[in-house]
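Q: Please read through the structure below; I'll follow up with questions.
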Amino acid sequence: MKKMIIHGGKQLSGEVVIGGAKNSTVALIPASILSESKVQLDGVPLIQDVSNLRSILVDMNVPSELTGTCLEIDPTAIISKPLPNGKIKSLRASYYFMGALLGRFGRAIVGLPGGDDIGPRPIDQHIKGFEALGATVSNERGAMFIQAPPEGLHGAKIYFDMVSVGATINVILAAVRATGTTTIENVAKEPEIIDLATFLNNMGAKIRGAGTDTIRIDGVPHLYARNSHTIIPDRIEAGTYLAMAAAIGNGITVKNIISEHLDSFLAKMEEIGVHFEIVEDCIYVYPTGDLKMVTVKTMPYPGFATDLQQPITPLLLKAQGEGMIVDTIYPKRVRHVPELVRMGANITVENDIILLHHTDKLQGTDVTADEIRAGASLMIAGLMAEGITTIHKVENILRGYDRVMWKLERLGADVEMLNEDEDPEDTELDDHSLVEKKAL
Ligand SMILES: CC(=O)N[C@H]1[C@@H](OP(=O)(O)OP(=O)(O)OC[C@H]2O[C@@H](n3ccc(=O)[nH]c3=O)[C@H](O)[C@@H]2O)O[C@H](CO)[C@@H](O)[C@@H]1O
Ligand SMILES: C=C(OP(=O)(O)O)C(=O)O
């Protein structure tokens, strides 16, 4: 286990470049096994989730090579193998191997995914989609057994009961090589879904409507990757650095952003009173003055992302007045609150609503990152706080934030990462080599 030590209170400035979207990448890597030729992804974030997915590919005889941020995946000698345990449990998005294996081989045995504790995360809509395509699905000792009929999957009309990113992607992966036409209604509209559809269409798939409420897929028998695919920038990483820039920045430019993907977040920043300027794919955040407290309500895209409610919280603590955060996607996503309270934040949770009050100053202390965005929230709070903040379970941050230590240091932050049992005097770990070491 690792810990991050932050010597807080230093104003940050300069530039930070956003990496490829985690939530695209973790779908694109499983999707690559649908190709019958080599796949190349550009702009891959250097995160633990990517290392873990690559290690799952190895179990299927799919080698991959990471050069800088370019990942080449060779699925040409793939073998159909059950994946009931192991790395599957290490991340949520491993469930995309259900749809991808079903689409490629007509069968999948995949362990139930692990991942962050952010409240209940059922997969009933994924299963409903697979069944509509003709598959039989059973849960045996913690693994999903999914089997297409002897004649293969067939197109179907599917209506999701709720908007789900994961179910939308998983059913696309299964349906893309099915016979006939699949129509999925009430789908998620996230940019990462458009990214996946673009990737698959460039391999010969016929997917229309990604980014709208209804997706139509005409199944094709084979898919071949021919060009390299550049992953869209991570809008959640971008929002995290924008919130950090507003909270503790003395003028920061966040580069490689598609600002339209952050419309609801940027509207909220304006409402709070943050001044920023958008120039092409960069956003410059001015040092902030007086800020106004607001209410944040998370919604499916294009609404305010649940993944950004925690990163924006420390900034809101600087605002005058009282505010609240209502997470309609994950109402139990409040693991950061008791930790922020230990840092002196005036924040409470009542009936799953986070109540925010102006907080004059935060004080560094020992806190734990129980999940990725709670970790981001604590990281920003630690940078704002007086004294030293030690964040435990920092792996939860590294699983989804590209080269975070290096990026923070370049902004002028005084941060270091150590093994749990090490003293600050011992050798410091660097996040890049940490992730790289684990990459294959
Ligand atoms: C890898 C990835 O892209 N992760 C994102 C994805 O997670 P993920 O795809 O798991 O989240 P979903 O969009 O599926 O979840 C949305 C809501 O639907 C519920 N639900 C979902 C599926 C289902 O079968 N049944 C059901 O009840 C969930 O409990 C949740 O309340 O979208 C979330 C919501 O934007 C983000 O926080 C995650 O960062
Ligand atoms: C909850 C998240 O991711 P995952 O779905 O991979 O757990 C997240 O990125 O905030």
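Simple scheme: letters A, B, ... for chains in structure tokens order, numbers from 1 for residues in each chain, numbers from 1 for ligands in the order shown.
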Please identify all polymer residues within 10 Å of Asp352 (chain A), counting only C-alpha atoms, omitting same-chain residues fewer than 6 positions from it, and present them as an mmCIF file with N, CA and C atoms, in the first residue's frame.

A:
```cif
data_model
loop_
_atom_site.group_PDB
_atom_site.id
_atom_site.type_symbol
_atom_site.label_atom_id
_atom_site.label_comp_id
_atom_site.auth_asym_id
_atom_site.auth_seq_id
_atom_site.Cartn_x
_atom_site.Cartn_y
_atom_site.Cartn_z
ATOM 1 N N ILE A 325 -24.896 19.252 -1.927
ATOM 2 C CA ILE A 325 -24.627 18.363 -3.058
ATOM 3 C C ILE A 325 -25.586 17.186 -2.952
ATOM 4 N N VAL A 326 -26.322 16.969 -4.041
ATOM 5 C CA VAL A 326 -27.257 15.838 -4.101
ATOM 6 C C VAL A 326 -26.765 14.939 -5.233
ATOM 7 N N ASP A 327 -26.307 13.734 -4.883
ATOM 8 C CA ASP A 327 -25.829 12.815 -5.913
ATOM 9 C C ASP A 327 -26.957 11.848 -6.248
ATOM 10 N N THR A 328 -27.643 12.113 -7.351
ATOM 11 C CA THR A 328 -28.801 11.274 -7.708
ATOM 12 C C THR A 328 -28.345 9.952 -8.336
ATOM 13 N N TYR A 330 -25.299 8.157 -7.385
ATOM 14 C CA TYR A 330 -24.786 7.349 -6.267
ATOM 15 C C TYR A 330 -25.005 8.109 -4.968
ATOM 16 N N PRO A 331 -26.219 8.024 -4.390
ATOM 17 C CA PRO A 331 -26.514 8.809 -3.180
ATOM 18 C C PRO A 331 -25.593 8.489 -2.000
ATOM 19 N N LYS A 332 -24.995 7.285 -2.014
ATOM 20 C CA LYS A 332 -24.109 6.901 -0.890
ATOM 21 C C LYS A 332 -22.653 7.285 -1.153
ATOM 22 N N ARG A 333 -22.424 8.097 -2.177
ATOM 23 C CA ARG A 333 -21.035 8.453 -2.524
ATOM 24 C C ARG A 333 -20.574 9.618 -1.647
ATOM 25 N N VAL A 334 -20.366 9.302 -0.376
ATOM 26 C CA VAL A 334 -20.037 10.355 0.602
ATOM 27 C C VAL A 334 -18.826 9.972 1.455
#
```

Q: Residues within 8 Å of ligand 2, counting only C-alpha atoms and all ligand atoms: report them as a PyMOL selection string.

A: chain A and resi 22-23+26+49+91-93+115-116+118+236+306-308+371-373+400

Q: Could you save the residues just selected, with C-alpha atoms, as a PDB file, in the first residue's frame?

A:
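In the end it all went to result.pdb:
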```
ATOM      1  CA  LYS A  22     -10.079   6.523 -18.249  1.00  0.00           C
ATOM      2  CA  ASN A  23     -13.709   5.645 -18.895  1.00  0.00           C
ATOM      3  CA  VAL A  26     -11.329   0.852 -19.950  1.00  0.00           C
ATOM      4  CA  ASP A  49      -6.774   0.279 -14.433  1.00  0.00           C
ATOM      5  CA  LEU A  91     -11.617  -2.996 -11.286  1.00  0.00           C
ATOM      6  CA  ARG A  92     -15.187  -2.257 -12.185  1.00  0.00           C
ATOM      7  CA  ALA A  93     -14.750  -2.030 -15.943  1.00  0.00           C
ATOM      8  CA  GLY A 115     -14.013  -1.618  -7.844  1.00  0.00           C
ATOM      9  CA  ASP A 116     -14.834   1.314  -5.676  1.00  0.00           C
ATOM     10  CA  ILE A 118     -19.640   4.067  -3.891  1.00  0.00           C
ATOM     11  CA  ILE A 236     -13.193  14.063 -15.180  1.00  0.00           C
ATOM     12  CA  THR A 306     -21.192  12.238 -10.172  1.00  0.00           C
ATOM     13  CA  ASP A 307     -17.431  11.740 -10.670  1.00  0.00           C
ATOM     14  CA  LEU A 308     -16.917  15.497 -10.199  1.00  0.00           C
ATOM     15  CA  GLU A 371     -12.350   5.475  -3.624  1.00  0.00           C
ATOM     16  CA  ILE A 372     -10.963   7.317  -6.620  1.00  0.00           C
ATOM     17  CA  ARG A 373     -12.894  10.602  -6.501  1.00  0.00           C
ATOM     18  CA  GLY A 400      -7.543   6.518 -12.620  1.00  0.00           C
TER      19      GLY A 400
END
```

Q: Assign secondary structure with DSSP using the backbone only, and return the residues of region 187-383 of chain A in alpha helix (DSSP H) as an NGL selection string.

A: :A and (191-202 or 235-248 or 263-272 or 309-317 or 336-342 or 372-383)

Q: In Å, with one decimal, what is the gap from CA of Gly382 (chain A) to CA of Pro287 (chain A)?

A: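 Atom-to-atom, CA of Gly382 (chain A) and CA of Pro287 (chain A) are spaced 18.2 Å apart.
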
Q: Could you list the protein, DNA and RNA residues that have any atom within 8 Å of ligand 1, counting only C-alpha atoms and all ligand atoms, and write them as an MDAnalysis selection string?

A: chainID A and resid 22:24 26:27 92:93 119:127 162:168 188 192 299:301 305:307 328:330

Q: Which residues are close to Thr230 (chain A), i.e. within 10 Å by only C-alpha atoms, leaving aside same-chain residues fewer than 3 positions away? Reply as a short mmCIF file (atom, residue, chain, number, x, y, z; two decimals) with C-alpha atoms, in the first residue's frame.

A:
```cif
data_model
loop_
_atom_site.label_atom_id
_atom_site.label_comp_id
_atom_site.auth_asym_id
_atom_site.auth_seq_id
_atom_site.Cartn_x
_atom_site.Cartn_y
_atom_site.Cartn_z
CA GLY A 20 -6.86 10.14 -22.40
CA GLN A 40 -3.53 0.65 -31.80
CA LEU A 41 -4.74 3.16 -29.20
CA ASP A 42 -3.13 6.59 -28.84
CA GLY A 43 -3.33 8.87 -25.82
CA VAL A 44 -3.61 6.02 -23.32
CA CYS A 70 0.53 4.38 -27.46
CA ASP A 195 -15.64 7.34 -28.52
CA PHE A 199 -13.57 3.06 -32.56
CA ASN A 227 -6.16 2.80 -38.16
CA PRO A 233 -9.35 13.62 -23.25
#
```

Q: Give me, please, the distance in Å between CA of Val294 (chain A) and CA of Gln320 (chain A), quoted to one decimal.

A: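 Those two atoms sit 9.4 Å apart.
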
Q: Skip Asp74 (chain A) itself and residues of its chain fewer than 2 positions away, then list as a PyMOL selection string all residues within 6 Å of it, counting only C-alpha atoms.

A: chain A and resi 38+62-63+76

Q: Please produce an output containing C-alpha atoms for each residue in the selection, written as a compact mmCIF listing (two decimals), in the first residue's frame.

A:
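Saved file part_15.txt follows:
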```
# COMPACT_ATOMS: atom_id res chain seq x y z
CA LYS A 38 -3.94 -5.65 -34.32
CA VAL A 62 -3.54 -11.25 -26.11
CA PRO A 63 -0.18 -9.49 -25.79
CA THR A 76 -5.07 -12.31 -33.43
```

Q: Find the spatial neighbours of Asp402 (chain A), counting only C-alpha atoms, within a cut-off of 8 Å - ignore same-chain residues fewer than 2 positions away - and output them as a ChimeraX atom specification.

A: /A:19,45-47,398,400,404

Q: With N, CA and C atoms retained, could you export that selection as a CSV table (one decimal), in the first residue's frame?

A:
```csv
chain,number,residue,atom,x,y,z
A,19,GLY,N,-4.8,13.7,-19.8
A,19,GLY,CA,-4.5,12.4,-20.5
A,19,GLY,C,-5.8,11.9,-21.1
A,45,PRO,N,-4.0,6.8,-21.0
A,45,PRO,CA,-3.6,7.3,-19.7
A,45,PRO,C,-2.7,6.2,-19.0
A,46,LEU,N,-1.7,6.7,-18.3
A,46,LEU,CA,-0.9,5.7,-17.5
A,46,LEU,C,-1.5,5.6,-16.1
A,47,ILE,N,-2.4,4.6,-16.1
A,47,ILE,CA,-3.1,4.4,-14.8
A,47,ILE,C,-3.2,2.9,-14.5
A,398,LEU,N,-4.4,6.4,-8.0
A,398,LEU,CA,-3.5,6.0,-9.1
A,398,LEU,C,-4.2,5.1,-10.1
A,400,GLY,N,-6.9,5.8,-11.6
A,400,GLY,CA,-7.5,6.5,-12.6
A,400,GLY,C,-7.0,7.9,-12.9
A,404,VAL,N,-0.2,11.3,-11.8
A,404,VAL,CA,-0.7,12.4,-10.9
A,404,VAL,C,0.4,13.1,-10.1
```

Q: Counting only C-alpha atoms, which of A:Met324, A:Val274, A:Leu112, A:Ile73 gets nearest to Thr298 (chain A)?

A: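 Between A:Met324, A:Val274, A:Leu112, A:Ile73, the residue approaching Thr298 (chain A) most closely is A:Met324.
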
Q: Nearest to Leu133 (chain A) among A:Val176, A:Thr295, A:Arg410, A:Gly303, with distances taken over only C-alpha atoms: which residue is it?

A: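 Of A:Val176, A:Thr295, A:Arg410, A:Gly303, the one nearest Leu133 (chain A) is A:Val176, counting only C-alpha atoms.
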
Q: Tell me, as a ChimeraX atom specification, which residues lie within 12 Å of Gly364 (chain A), counting only C-alpha atoms; anything in the same chain fewer than 6 positions away does not count.

A: /A:5-9,339-345,378-391

Q: Go ahead and write the residues just picked, C-alpha atoms, as a CSV table (one decimal), in the first residue's frame.

A:
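Saved file out.csv follows:
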```csv
chain,number,residue,atom,x,y,z
A,5,ILE,CA,2.3,13.1,1.6
A,6,ILE,CA,1.2,16.7,0.8
A,7,HIS,CA,2.8,19.8,2.3
A,8,GLY,CA,-0.1,22.1,1.8
A,9,GLY,CA,-0.7,25.7,1.5
A,339,GLU,CA,-12.2,12.6,6.1
A,340,LEU,CA,-12.8,16.2,5.2
A,341,VAL,CA,-14.4,16.8,8.6
A,342,ARG,CA,-11.1,15.5,10.2
A,343,MET,CA,-9.3,18.2,8.2
A,344,GLY,CA,-11.6,20.8,9.7
A,345,ALA,CA,-14.2,21.1,7.0
A,378,LEU,CA,-8.7,14.8,-0.4
A,379,MET,CA,-5.8,15.6,-2.6
A,380,ILE,CA,-7.2,19.0,-3.4
A,381,ALA,CA,-8.1,19.6,0.3
A,382,GLY,CA,-4.5,18.6,1.2
A,383,LEU,CA,-3.1,21.1,-1.2
A,384,MET,CA,-5.3,23.8,0.3
A,385,ALA,CA,-4.7,22.8,3.9
A,386,GLU,CA,-2.1,24.2,6.4
A,387,GLY,CA,0.5,21.6,7.4
A,388,ILE,CA,1.0,18.0,6.3
A,389,THR,CA,-1.8,15.8,4.9
A,390,THR,CA,-1.1,12.1,4.5
A,391,ILE,CA,-3.5,10.3,2.2
```

Q: List the neighbours of Ile194 (chain A) out to 12 Å using only C-alpha atoms; skip same-chain residues closer than 6 positions along the sequence, and give me the result as number ranges by chain.

A: A: 23-24, 27-28, 165, 168-169, 172, 187-188, 200-201, 207-213, 215, 231-232, 261

Q: Going by DSSP on the backbone, which residues of region 33-77 of chain A come out as strand (DSSP E)? List them as a PyMOL selection string.

A: chain A and resi 39-42+64-67+70-73

Q: Keeping only N, CA and C atoms, take the residues you just selected and write them out as a compact mmCIF listing (two decimals), in the first residue's frame.

A:
```txt
# COMPACT_ATOMS: atom_id res chain seq x y z
N VAL A 39 -4.69 -3.85 -32.89
CA VAL A 39 -5.36 -2.58 -32.55
C VAL A 39 -4.32 -1.62 -32.00
N GLN A 40 -4.43 -0.35 -32.39
CA GLN A 40 -3.53 0.65 -31.80
C GLN A 40 -4.34 1.78 -31.18
N LEU A 41 -4.07 2.06 -29.90
CA LEU A 41 -4.74 3.16 -29.20
C LEU A 41 -3.70 4.23 -28.87
N ASP A 42 -4.04 5.47 -29.17
CA ASP A 42 -3.13 6.59 -28.84
C ASP A 42 -3.73 7.42 -27.72
N SER A 64 0.14 -7.15 -25.38
CA SER A 64 0.01 -5.72 -25.69
C SER A 64 1.32 -5.04 -25.34
N GLU A 65 1.58 -3.93 -26.03
CA GLU A 65 2.83 -3.21 -25.79
C GLU A 65 2.53 -1.73 -25.66
N LEU A 66 3.02 -1.17 -24.57
CA LEU A 66 2.80 0.26 -24.31
C LEU A 66 4.09 1.00 -24.60
N THR A 67 4.02 1.95 -25.55
CA THR A 67 5.20 2.78 -25.85
C THR A 67 4.77 4.21 -25.63
N CYS A 70 1.11 5.14 -26.34
CA CYS A 70 0.53 4.38 -27.46
C CYS A 70 0.50 2.90 -27.08
N LEU A 71 -0.68 2.32 -27.16
CA LEU A 71 -0.84 0.91 -26.75
C LEU A 71 -1.20 0.09 -27.97
N GLU A 72 -0.36 -0.92 -28.27
CA GLU A 72 -0.69 -1.83 -29.37
C GLU A 72 -1.16 -3.14 -28.77
N ILE A 73 -2.32 -3.59 -29.21
CA ILE A 73 -2.91 -4.83 -28.68
C ILE A 73 -3.04 -5.82 -29.84
```

Q: Please determine, counting only C-alpha atoms, which residue among A:Leu53, A:Tyr96, A:Leu408, A:Ala175 has the shortest atom-to-atom distance to Ala135 (chain A).

A: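 Ranking A:Leu53, A:Tyr96, A:Leu408, A:Ala175 by distance to Ala135 (chain A), first place goes to A:Ala175.
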
Q: May I ask for the distance between CA of Leu316 (chain A) and CA of Met293 (chain A), given in Å to one decimal place?

A: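 Straight-line distance from CA of Leu316 (chain A) to CA of Met293 (chain A) works out to 6.2 Å.
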
Q: Can you build me a table of region 80-113 of chain A residues sitting at most 12 Å from region 148-161 of chain A, with the closest atom pair per residue and its distance in Å to one decimal, using only C-alpha atoms, sorted by chain and residue number, as a Markdown table?

A:
```
| residue | atom | partner | partner_atom | distance |
| --- | --- | --- | --- | --- |
| A:Met98 | CA | A:Ala148 | CA | 11.7 |
| A:Gly99 | CA | A:Ala148 | CA | 11.1 |
| A:Leu101 | CA | A:Ala148 | CA | 10.6 |
| A:Leu102 | CA | A:Ala148 | CA | 7.2 |
| A:Gly103 | CA | A:Leu153 | CA | 8.0 |
| A:Arg104 | CA | A:Gly152 | CA | 10.4 |
| A:Phe105 | CA | A:Ala148 | CA | 8.7 |
| A:Gly106 | CA | A:Ala148 | CA | 4.9 |
| A:Arg107 | CA | A:Ala148 | CA | 6.0 |
| A:Ala108 | CA | A:Ala148 | CA | 9.0 |
| A:Ile109 | CA | A:Ala148 | CA | 11.8 |
```

Q: From the set A:Ile397, A:Lys3, A:Met405, A:Met244, which residue has the shortest atom-to-atom contact distance to Glu420 (chain A), counting only C-alpha atoms?

A: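 Smallest separation from Glu420 (chain A) among the options: A:Lys3.
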